[in-house]
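Below is one structure, written out as structure tokens; comments come after it.
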Amino acid sequence: MSSVWIMLIGLAMMAFGYFVYSKYLANKVFQLDESFVTPSHEFNDGVDHVPTNKYILWGHHFTSVAGAAPIVGPAVAIIWGWGPAFLWVTLGTVFFAGMHDFGALWASQRNKGRSIGSIASRYIGQRGSYLFLVVIFLVLLMVVTAFAVVITGLFISTPSAVIPAWGAIVVAVLVGIAIYRLKLPLLPVTVVGVVVLYTLIFIGDKVPVVLDENFLGIGPHAFWIIALFVYGAIASTLPVWLLLQPRDYINGVQLFIGLALLYASVLIGTIMSTDATKVVAPFWNTNTPDGTPSIVPLLFVTIACGAISGFHGIVSSGTSSKQLDKETDARFVGYFGAVGEGLLSLGTILSVAGGFGTLARWEEVYSAYGNGGVNAFVEGGGNLMEQGIGLPASLSGTVLATMAVLFAATTMDTGLRLMRFVVQEAASTVNIKVGKYVATAIVVALGLGMTFSQGLDGGGGLRIWPLFGTSNQLLASLTLSIIAVMLLRKRRNPLPAMIPLVLVFVMAFWAAIDQAISFANPENPDYLLLAVDAVIILCSIWVAIEAVLAMRRAKDEPAEEPDADITYEWVRAGSES
């Protein structure tokens with residue numbers, strides 16, 4: 001079978017989602033109003049609240065939520081076969097992720113740009129809000145620390161990605177100045193920025209940066225991790241227009257060019273009958289390696305970003321809602337952002353289902369559960385591009401590795417900014433005002449402490465990562481519960497939120513219990529992960545109960561009036577710096 005059929009069916013499903021289903025959500029469910037005054041206008045401060053062109057904001061939102069997860073998840077989950085991964089990515093993107101991301105963005109900007117954890121206090125009560133913030137903070141800590149380690153690993157395994165990855169920061173700053181200070185047109189600035197970025201990729205391929213094992217006495221792992229946290233701390237406190245927005249926008253354009261090259265490689269490779277376009281992975285793998293867990297519920301938590309992810313709700317309500325120019329832009333930014341990530345996951349499936357050329361090589365890569373990941377994507381995608389469009393293998397690997405690094409770095413520094421917001425919002429609930437620099441110092445200290453807790457190689461950064469899949473999906477279901485309560489209170493159809501809510505919560509909770517049992521195994525116990533898993537499970541149960549009670553109350557209460565009852569002071573409590 002040729003992978004072109006997987007590509008065409010997947011693209012058709014994504015098109016249906018954006019052009020048909022998202023219109024239904026926008027017009028009938030969320031009832032977007034172009035005249036609604038968004039938080040970016042109401043609280044415009046030039047730092048966090050900035051009205052933004054929807055294409056630039058889409059770039060920020062998309063690249064912030066993408067990271068490495070939509071690559072890692074499908075590249076690991078294909079061990080169960082390409083069929084289940086394909087179905088969960090496509091159906092999940094259209095009916096789960098699109099609703100979740102779009103809904104979280106709508107909910108936040110209808111509540112003065114507050115994070116989904118803070119919104120919980122209004123819709124399910126203060127206790128639920130406190131616990132929601134705990135889960136959000138733990139998820140963000142997992143993302144920030146793990147991605148620092150992942151990026152470091154890519155810098156070391158693919159040193160040709162170093163120059164384009166760091167050079168992209170300079171490009172982004174210049175793009176931000178050109179657009180916001182020099183008022184230059186967006187299109188020519190975009191073209192120049194992308195050309196420079198790809199020039200850096202060519203330079204990086206010719207001039208790889210390899211650090212000595214004893215570099216500065218701490219080694220390359222520790223150096224890159226520290227450098228990434230320093231960068232993240234600076235980036236998370238700068239005005240969004242100077243670095244965050246332009247960098248994410250250019251990254252988003254660069255990703256779509258990379259995806260276009262990948263999809264073109266599949267199409268051309270099919271015409272030329274190359275080995276890399278022939279699907280070698282089984283549709284449903286009935287001969288998985290020993291130790292591979294059951295596909296249910298693990299598939300639904302292994303592939304999170306690319307199907308549905310609670311982290312997206314944090315980004316939608318944490319940064320994107322503060323930059324939305326018009327409420328009607330939420331459909332493009334939120335739903336199409338989810339589609340963009342679905343396309344990245346679809347590209348990953350194409351790369352790891354057929355990019356290896358032979359079943360023997362595929363089985364060698366997937367000889368054990370957990371194998372694959374970013375390196376499998378780079379190898380398989382590189383083979384596709386080399387055989388399809390003739391791009392040299394080393395350059396193809398540099399392009400794909402740079403894509404992965406830029407998205408992971410974007411997610412990391414956005415995660416640090418979001419953690420800062422959580423610290424400030426949590427402090428505001430007990431009437432303590434925490435400035436952005438103090439809050440940033442707190443989250444960076446926690447991140448570095450966790451990352452280096454097991455040595456300078458950064459092994460601690462992955463210490464609690466095994467809990468990310470379940471906690472992230474539990475967070476997604478809790479976010480959907482807030483959206484469902486809002487819809488019920490406004491007397492609108494809650495089923496587009498409640499149906500994915502039930503499935504995601506059941507699968508994630510099931511997986512969390514399975515993990516707790518494995519962590520408690522007396523032969524090989526892991527008490528730290530067991531304790532953190534128990535906290536997440538208990539918080540999720542409590543918030544879920546509060547949400548169900550809120551839904552029952554919502555049906556009996558009068559229809560909610562427009563958001564005039566939300567005061568300016570209620571917003572400013574945790575957002576001032």
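How things are named: the first chain in the structure tokens is A, the next is B, and so on; residues count from 1 in each chain; ligands count from 1 in the order shown.
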Residue neighbourhood Val502 in chain A, 12 Å, only C-alpha atoms, exclusion window fewer than 6 positions, as a list in words: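 Contacts, with the query itself left out: Phe96, Gln473, Leu474, Ala476, Ser477, Leu478, Thr479, Leu480, Ser481, Ala484, Leu495, Pro496, Ala508, Phe509, Ala544 and Val548 of chain A.
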All residues 12 Å or closer to Pro494 in chain A, only C-alpha atoms, same chain fewer than 6 positions away omitted, as an MDAnalysis selection string: chainID A and resid 25 28:30 99 103 480:488 500:501 551 554:555
N, CA and C atoms of the current selection, written as a PDB file, in the first residue's frame:
```pdb
ATOM      1  N   LEU A  25     -19.359  25.036  15.097  1.00  0.00           N
ATOM      2  CA  LEU A  25     -18.992  25.438  16.453  1.00  0.00           C
ATOM      3  C   LEU A  25     -19.013  26.960  16.599  1.00  0.00           C
ATOM      4  N   LYS A  28     -23.034  28.201  15.830  1.00  0.00           N
ATOM      5  CA  LYS A  28     -24.143  27.649  16.603  1.00  0.00           C
ATOM      6  C   LYS A  28     -23.817  27.397  18.076  1.00  0.00           C
ATOM      7  N   VAL A  29     -22.588  27.000  18.354  1.00  0.00           N
ATOM      8  CA  VAL A  29     -22.232  26.639  19.735  1.00  0.00           C
ATOM      9  C   VAL A  29     -21.643  27.827  20.484  1.00  0.00           C
ATOM     10  N   PHE A  30     -20.544  28.383  19.973  1.00  0.00           N
ATOM     11  CA  PHE A  30     -19.911  29.510  20.663  1.00  0.00           C
ATOM     12  C   PHE A  30     -20.523  30.856  20.286  1.00  0.00           C
ATOM     13  N   MET A  99     -12.383  21.205  19.099  1.00  0.00           N
ATOM     14  CA  MET A  99     -13.371  21.694  20.064  1.00  0.00           C
ATOM     15  C   MET A  99     -12.689  22.190  21.337  1.00  0.00           C
ATOM     16  N   GLY A 103     -12.547  25.982  22.125  1.00  0.00           N
ATOM     17  CA  GLY A 103     -13.404  26.253  23.283  1.00  0.00           C
ATOM     18  C   GLY A 103     -12.669  26.923  24.420  1.00  0.00           C
ATOM     19  N   LEU A 480     -12.567  20.628  29.214  1.00  0.00           N
ATOM     20  CA  LEU A 480     -13.831  20.421  28.513  1.00  0.00           C
ATOM     21  C   LEU A 480     -15.016  20.527  29.467  1.00  0.00           C
ATOM     22  N   SER A 481     -14.812  20.124  30.731  1.00  0.00           N
ATOM     23  CA  SER A 481     -15.914  20.228  31.704  1.00  0.00           C
ATOM     24  C   SER A 481     -16.255  21.692  31.985  1.00  0.00           C
ATOM     25  N   ILE A 482     -15.255  22.563  32.020  1.00  0.00           N
ATOM     26  CA  ILE A 482     -15.511  23.996  32.211  1.00  0.00           C
ATOM     27  C   ILE A 482     -16.289  24.550  31.022  1.00  0.00           C
ATOM     28  N   ILE A 483     -15.860  24.165  29.809  1.00  0.00           N
ATOM     29  CA  ILE A 483     -16.555  24.617  28.596  1.00  0.00           C
ATOM     30  C   ILE A 483     -18.001  24.136  28.605  1.00  0.00           C
ATOM     31  N   ALA A 484     -18.207  22.862  29.018  1.00  0.00           N
ATOM     32  CA  ALA A 484     -19.566  22.313  29.060  1.00  0.00           C
ATOM     33  C   ALA A 484     -20.447  23.078  30.045  1.00  0.00           C
ATOM     34  N   VAL A 485     -19.904  23.425  31.205  1.00  0.00           N
ATOM     35  CA  VAL A 485     -20.678  24.192  32.186  1.00  0.00           C
ATOM     36  C   VAL A 485     -21.049  25.557  31.610  1.00  0.00           C
ATOM     37  N   MET A 486     -20.097  26.212  30.954  1.00  0.00           N
ATOM     38  CA  MET A 486     -20.380  27.510  30.337  1.00  0.00           C
ATOM     39  C   MET A 486     -21.495  27.405  29.309  1.00  0.00           C
ATOM     40  N   LEU A 487     -21.435  26.374  28.475  1.00  0.00           N
ATOM     41  CA  LEU A 487     -22.456  26.202  27.447  1.00  0.00           C
ATOM     42  C   LEU A 487     -23.825  25.923  28.064  1.00  0.00           C
ATOM     43  N   LEU A 488     -23.854  25.112  29.111  1.00  0.00           N
ATOM     44  CA  LEU A 488     -25.120  24.830  29.788  1.00  0.00           C
ATOM     45  C   LEU A 488     -25.706  26.098  30.397  1.00  0.00           C
ATOM     46  N   PRO A 500     -16.561  14.289  23.835  1.00  0.00           N
ATOM     47  CA  PRO A 500     -15.113  14.067  24.007  1.00  0.00           C
ATOM     48  C   PRO A 500     -14.690  14.071  25.466  1.00  0.00           C
ATOM     49  N   LEU A 501     -15.359  14.858  26.304  1.00  0.00           N
ATOM     50  CA  LEU A 501     -15.036  14.913  27.731  1.00  0.00           C
ATOM     51  C   LEU A 501     -15.128  13.527  28.353  1.00  0.00           C
ATOM     52  N   MET A 551     -22.646  21.279  36.530  1.00  0.00           N
ATOM     53  CA  MET A 551     -23.506  21.022  35.374  1.00  0.00           C
ATOM     54  C   MET A 551     -24.956  20.830  35.797  1.00  0.00           C
ATOM     55  N   ALA A 554     -26.305  24.156  36.660  1.00  0.00           N
ATOM     56  CA  ALA A 554     -26.456  25.028  35.490  1.00  0.00           C
ATOM     57  C   ALA A 554     -27.787  24.810  34.787  1.00  0.00           C
ATOM     58  N   LYS A 555     -28.283  23.555  34.783  1.00  0.00           N
ATOM     59  CA  LYS A 555     -29.535  23.266  34.107  1.00  0.00           C
ATOM     60  C   LYS A 555     -30.733  23.882  34.821  1.00  0.00           C
TER      61      LYS A 555
END
```
Closest of A:Leu184, A:Leu154, A:Val430, A:Thr190 to Val210 in chain A - atom-to-atom distances counting only C-alpha atoms: A:Leu154
DSSP-assigned alpha helix (DSSP H) among range 157-235 of chain A, expressed as an MDAnalysis selection string: chainID A and resid 157 162:180 186:206 219:235
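Of the listed residues A:Met419, A:Ile71, A:Ala353, A:Val135, the one whose atoms come nearest to Met1 in chain A is A:Ala353, with distances taken using only C-alpha atoms.
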Shell of 12 Å around Gly459 in chain A, only C-alpha atoms, local chain residues under 5 positions omitted, as a ChimeraX atom specification: /A:145-150,152-153,221-222,225,448-454,464-465
For the residues selected in the previous step, produce a file with C-alpha atoms as a JSON list (two decimals), in the first residue's frame.
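And here's again_36.json as it stands now:
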```
[["chain", "number", "residue", "atom", "x", "y", "z"],
["A", 145, "THR", "CA", 11.86, 20.16, 32.16],
["A", 146, "ALA", "CA", 11.37, 17.34, 29.65],
["A", 147, "PHE", "CA", 11.59, 19.60, 26.61],
["A", 148, "ALA", "CA", 14.82, 21.11, 27.89],
["A", 149, "VAL", "CA", 16.26, 17.58, 27.92],
["A", 150, "VAL", "CA", 14.75, 16.70, 24.51],
["A", 152, "THR", "CA", 19.57, 19.19, 24.43],
["A", 153, "GLY", "CA", 19.51, 15.65, 23.07],
["A", 221, "HIS", "CA", 24.24, 18.41, 28.39],
["A", 222, "ALA", "CA", 24.42, 20.76, 31.38],
["A", 225, "ILE", "CA", 20.08, 22.91, 29.56],
["A", 448, "LEU", "CA", 16.43, 23.66, 36.92],
["A", 449, "GLY", "CA", 16.15, 21.93, 40.28],
["A", 450, "MET", "CA", 13.99, 19.18, 38.81],
["A", 451, "THR", "CA", 16.13, 18.82, 35.66],
["A", 452, "PHE", "CA", 19.42, 18.50, 37.56],
["A", 453, "SER", "CA", 17.97, 16.49, 40.47],
["A", 454, "GLN", "CA", 19.63, 13.31, 39.16],
["A", 464, "ILE", "CA", 8.08, 12.62, 36.19],
["A", 465, "TRP", "CA", 7.56, 12.63, 32.40]]
```
Who sits within 12 Å of Pro466 in chain A, only C-alpha atoms, same chain under 2 positions skipped, as a PyMOL selection string: chain A and resi 139+142-143+146+298+301-302+370+460-464+468-472+511-512+515-516+518-519+526+528-530+532-533
For the selection just defined, write its residues with N, CA, C and O atoms to a file, as a short mmCIF file (atom, residue, chain, number, x, y, z; two decimals), in the first residue's frame.
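What landed in out_33.cif:
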```cif
data_model
loop_
_atom_site.label_atom_id
_atom_site.label_comp_id
_atom_site.auth_asym_id
_atom_site.auth_seq_id
_atom_site.Cartn_x
_atom_site.Cartn_y
_atom_site.Cartn_z
N VAL A 139 1.65 19.79 35.09
CA VAL A 139 1.78 19.51 33.66
C VAL A 139 2.82 20.43 33.03
O VAL A 139 3.67 20.00 32.24
N MET A 142 6.32 19.39 33.95
CA MET A 142 6.74 18.24 33.15
C MET A 142 7.19 18.68 31.76
O MET A 142 8.22 18.22 31.24
N VAL A 143 6.41 19.56 31.14
CA VAL A 143 6.72 20.01 29.78
C VAL A 143 8.03 20.77 29.73
O VAL A 143 8.91 20.48 28.89
N ALA A 146 11.14 18.39 30.65
CA ALA A 146 11.37 17.34 29.65
C ALA A 146 11.82 17.91 28.32
O ALA A 146 12.73 17.37 27.67
N LEU A 298 -3.81 2.94 26.51
CA LEU A 298 -2.55 3.65 26.31
C LEU A 298 -2.48 4.47 25.02
O LEU A 298 -1.82 5.51 24.98
N VAL A 301 -3.48 8.13 25.52
CA VAL A 301 -2.61 9.02 26.29
C VAL A 301 -1.21 9.10 25.69
O VAL A 301 -0.47 10.04 25.98
N THR A 302 -0.85 8.13 24.85
CA THR A 302 0.44 8.19 24.16
C THR A 302 0.39 9.26 23.08
O THR A 302 1.31 10.07 22.94
N GLY A 370 8.21 2.08 23.43
CA GLY A 370 8.91 3.30 23.83
C GLY A 370 9.99 3.70 22.84
O GLY A 370 10.50 4.82 22.89
N GLY A 460 16.95 14.15 35.54
CA GLY A 460 15.81 14.50 36.38
C GLY A 460 14.69 15.16 35.61
O GLY A 460 13.53 15.14 36.04
N GLY A 461 15.03 15.75 34.45
CA GLY A 461 14.00 16.40 33.64
C GLY A 461 12.96 15.44 33.12
O GLY A 461 11.84 15.84 32.78
N LEU A 462 13.33 14.18 33.02
CA LEU A 462 12.40 13.15 32.55
C LEU A 462 11.85 12.30 33.70
O LEU A 462 11.15 11.32 33.45
N ARG A 463 12.17 12.73 34.94
CA ARG A 463 11.80 11.90 36.10
C ARG A 463 10.30 11.69 36.21
O ARG A 463 9.82 10.58 36.48
N ILE A 464 9.52 12.78 36.05
CA ILE A 464 8.08 12.62 36.19
C ILE A 464 7.37 12.64 34.84
O ILE A 464 6.13 12.68 34.77
N PHE A 468 3.08 12.40 32.17
CA PHE A 468 2.57 13.48 31.34
C PHE A 468 1.33 13.08 30.55
O PHE A 468 0.34 13.80 30.50
N GLY A 469 1.39 11.91 29.91
CA GLY A 469 0.27 11.50 29.07
C GLY A 469 -1.05 11.47 29.81
O GLY A 469 -2.05 12.03 29.36
N THR A 470 -1.06 10.82 30.98
CA THR A 470 -2.32 10.70 31.73
C THR A 470 -2.74 12.04 32.33
O THR A 470 -3.91 12.43 32.23
N SER A 471 -1.81 12.76 32.94
CA SER A 471 -2.16 14.04 33.56
C SER A 471 -2.59 15.06 32.51
O SER A 471 -3.53 15.85 32.74
N ASN A 472 -1.94 15.03 31.35
CA ASN A 472 -2.28 15.96 30.28
C ASN A 472 -3.70 15.70 29.77
O ASN A 472 -4.48 16.64 29.53
N ALA A 511 -5.88 4.92 32.53
CA ALA A 511 -4.43 4.85 32.39
C ALA A 511 -3.72 5.29 33.66
O ALA A 511 -2.69 4.70 34.05
N ALA A 512 -4.25 6.31 34.33
CA ALA A 512 -3.64 6.78 35.58
C ALA A 512 -3.69 5.71 36.66
O ALA A 512 -2.73 5.53 37.43
N GLN A 515 -1.14 3.07 35.85
CA GLN A 515 0.19 3.54 36.21
C GLN A 515 0.42 3.46 37.71
O GLN A 515 1.49 3.04 38.16
N ALA A 516 -0.56 3.85 38.50
CA ALA A 516 -0.42 3.80 39.96
C ALA A 516 -0.15 2.37 40.42
O ALA A 516 0.69 2.13 41.31
N SER A 518 1.28 0.01 38.65
CA SER A 518 2.64 -0.37 38.26
C SER A 518 3.68 0.30 39.15
O SER A 518 4.71 -0.30 39.48
N PHE A 519 3.43 1.55 39.56
CA PHE A 519 4.39 2.25 40.43
C PHE A 519 4.42 1.63 41.82
O PHE A 519 5.43 1.74 42.52
N ASP A 526 8.13 2.71 42.67
CA ASP A 526 8.59 4.07 42.40
C ASP A 526 7.69 5.00 43.19
O ASP A 526 6.63 5.41 42.73
N LEU A 528 8.05 8.10 44.26
CA LEU A 528 7.86 9.48 43.83
C LEU A 528 6.75 9.57 42.79
O LEU A 528 5.82 10.39 42.93
N LEU A 529 6.84 8.73 41.75
CA LEU A 529 5.82 8.76 40.71
C LEU A 529 4.46 8.33 41.27
O LEU A 529 3.42 8.85 40.85
N LEU A 530 4.46 7.39 42.19
CA LEU A 530 3.21 6.96 42.81
C LEU A 530 2.56 8.11 43.56
O LEU A 530 1.34 8.34 43.46
N VAL A 532 3.06 11.44 43.10
CA VAL A 532 2.59 12.48 42.18
C VAL A 532 1.35 12.01 41.43
O VAL A 532 0.39 12.78 41.24
N ASP A 533 1.35 10.74 41.02
CA ASP A 533 0.18 10.19 40.33
C ASP A 533 -1.05 10.23 41.23
O ASP A 533 -2.16 10.57 40.79
#
```
From A:Leu140, A:Thr398, A:Ser265, A:Val504, residue lying nearest Val162 in chain A [only C-alpha atoms]: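 Among the listed residues, the smallest separation from Val162 in chain A belongs to A:Thr398.
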CA of Leu197 in chain A to CA of Gly167 in chain A, straight-line distance in Å: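 Computing the Euclidean distance for CA of Gly167 in chain A and CA of Leu197 in chain A yields 7.6 Å.
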Which residue of A:Gly252, A:Gly128, A:Gly380, A:Gly117 approaches Leu350 in chain A most closely, using only C-alpha atoms: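 Ranking A:Gly252, A:Gly128, A:Gly380, A:Gly117 by distance to Leu350 in chain A, first place goes to A:Gly380.
Considering the residues A:Ala281, A:Ile163, A:Ala520, A:Ala107 and counting only C-alpha atoms, Gly334 in chain A has its shortest atom-to-atom contact with A:Ala107.
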Report as a PDB file with N, CA, C and O atoms, in the first residue's frame all protein, DNA and RNA residues lying within 8 Å of range 170-179 of chain A, evaluated on only C-alpha atoms, omitting residues in the same chain fewer than 6 positions from it.
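Contents of result27.pdb, freshly written:
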```
ATOM      1  N   PRO A 185       5.027  45.872   5.690  1.00  0.00           N
ATOM      2  CA  PRO A 185       3.984  44.896   5.339  1.00  0.00           C
ATOM      3  C   PRO A 185       4.371  43.484   5.764  1.00  0.00           C
ATOM      4  O   PRO A 185       5.554  43.107   5.719  1.00  0.00           O
ATOM      5  N   LEU A 186       3.376  42.687   6.144  1.00  0.00           N
ATOM      6  CA  LEU A 186       3.630  41.357   6.685  1.00  0.00           C
ATOM      7  C   LEU A 186       4.235  40.408   5.651  1.00  0.00           C
ATOM      8  O   LEU A 186       5.171  39.663   5.961  1.00  0.00           O
ATOM      9  N   VAL A 189       8.051  40.827   4.804  1.00  0.00           N
ATOM     10  CA  VAL A 189       8.814  40.503   6.018  1.00  0.00           C
ATOM     11  C   VAL A 189       8.832  38.993   6.226  1.00  0.00           C
ATOM     12  O   VAL A 189       9.868  38.404   6.586  1.00  0.00           O
ATOM     13  N   THR A 190       7.694  38.354   5.976  1.00  0.00           N
ATOM     14  CA  THR A 190       7.604  36.895   6.115  1.00  0.00           C
ATOM     15  C   THR A 190       8.543  36.193   5.144  1.00  0.00           C
ATOM     16  O   THR A 190       9.284  35.276   5.527  1.00  0.00           O
ATOM     17  N   GLY A 193      12.140  36.690   6.214  1.00  0.00           N
ATOM     18  CA  GLY A 193      12.415  35.939   7.434  1.00  0.00           C
ATOM     19  C   GLY A 193      12.570  34.456   7.173  1.00  0.00           C
ATOM     20  O   GLY A 193      13.495  33.812   7.697  1.00  0.00           O
ATOM     21  N   VAL A 196      15.859  33.735   5.262  1.00  0.00           N
ATOM     22  CA  VAL A 196      17.018  33.794   6.171  1.00  0.00           C
ATOM     23  C   VAL A 196      17.069  32.547   7.043  1.00  0.00           C
ATOM     24  O   VAL A 196      18.149  31.958   7.266  1.00  0.00           O
ATOM     25  N   LEU A 197      15.905  32.122   7.534  1.00  0.00           N
ATOM     26  CA  LEU A 197      15.868  30.938   8.391  1.00  0.00           C
ATOM     27  C   LEU A 197      16.355  29.701   7.647  1.00  0.00           C
ATOM     28  O   LEU A 197      17.164  28.921   8.173  1.00  0.00           O
ATOM     29  N   TRP A 241       5.310  40.974  21.490  1.00  0.00           N
ATOM     30  CA  TRP A 241       5.511  41.395  20.098  1.00  0.00           C
ATOM     31  C   TRP A 241       6.975  41.342  19.674  1.00  0.00           C
ATOM     32  O   TRP A 241       7.275  41.261  18.478  1.00  0.00           O
ATOM     33  N   LEU A 242       7.902  41.370  20.642  1.00  0.00           N
ATOM     34  CA  LEU A 242       9.320  41.460  20.318  1.00  0.00           C
ATOM     35  C   LEU A 242       9.932  40.113  19.948  1.00  0.00           C
ATOM     36  O   LEU A 242      10.783  40.029  19.055  1.00  0.00           O
ATOM     37  N   LEU A 243       9.513  39.042  20.616  1.00  0.00           N
ATOM     38  CA  LEU A 243      10.129  37.746  20.364  1.00  0.00           C
ATOM     39  C   LEU A 243       9.099  36.636  20.205  1.00  0.00           C
ATOM     40  O   LEU A 243       9.087  35.912  19.206  1.00  0.00           O
ATOM     41  N   GLN A 245       5.755  36.380  19.598  1.00  0.00           N
ATOM     42  CA  GLN A 245       4.881  36.371  18.419  1.00  0.00           C
ATOM     43  C   GLN A 245       5.648  36.166  17.107  1.00  0.00           C
ATOM     44  O   GLN A 245       5.332  35.242  16.343  1.00  0.00           O
ATOM     45  N   PRO A 246       6.654  37.006  16.806  1.00  0.00           N
ATOM     46  CA  PRO A 246       7.335  36.829  15.508  1.00  0.00           C
ATOM     47  C   PRO A 246       8.086  35.516  15.379  1.00  0.00           C
ATOM     48  O   PRO A 246       8.108  34.914  14.306  1.00  0.00           O
ATOM     49  N   ARG A 247       8.692  35.059  16.475  1.00  0.00           N
ATOM     50  CA  ARG A 247       9.406  33.777  16.409  1.00  0.00           C
ATOM     51  C   ARG A 247       8.436  32.642  16.120  1.00  0.00           C
ATOM     52  O   ARG A 247       8.677  31.782  15.269  1.00  0.00           O
ATOM     53  N   ILE A 250       7.101  32.887  12.415  1.00  0.00           N
ATOM     54  CA  ILE A 250       8.088  32.408  11.435  1.00  0.00           C
ATOM     55  C   ILE A 250       8.255  30.898  11.549  1.00  0.00           C
ATOM     56  O   ILE A 250       8.354  30.185  10.542  1.00  0.00           O
TER      57      ILE A 250
END
```
Pick from A:Gly204, A:Gly291, A:Pro84, A:Gly219, whichever lies nearest to Ser394 in chain A using only C-alpha atoms: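 The shortest atom-to-atom distance to Ser394 in chain A comes from A:Gly204.
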Nearby residues (only C-alpha atoms) at most 10 Å from Pro70 in chain A, same-chain spacing under 3 positions excluded, as number ranges by chain: A: 65-67, 73-75, 89, 302-309, 341-348, 373-374, 404
For CA of Gly381 in chain A and CA of Ile6 in chain A, the interatomic separation in Å (one decimal): 15.0 Å
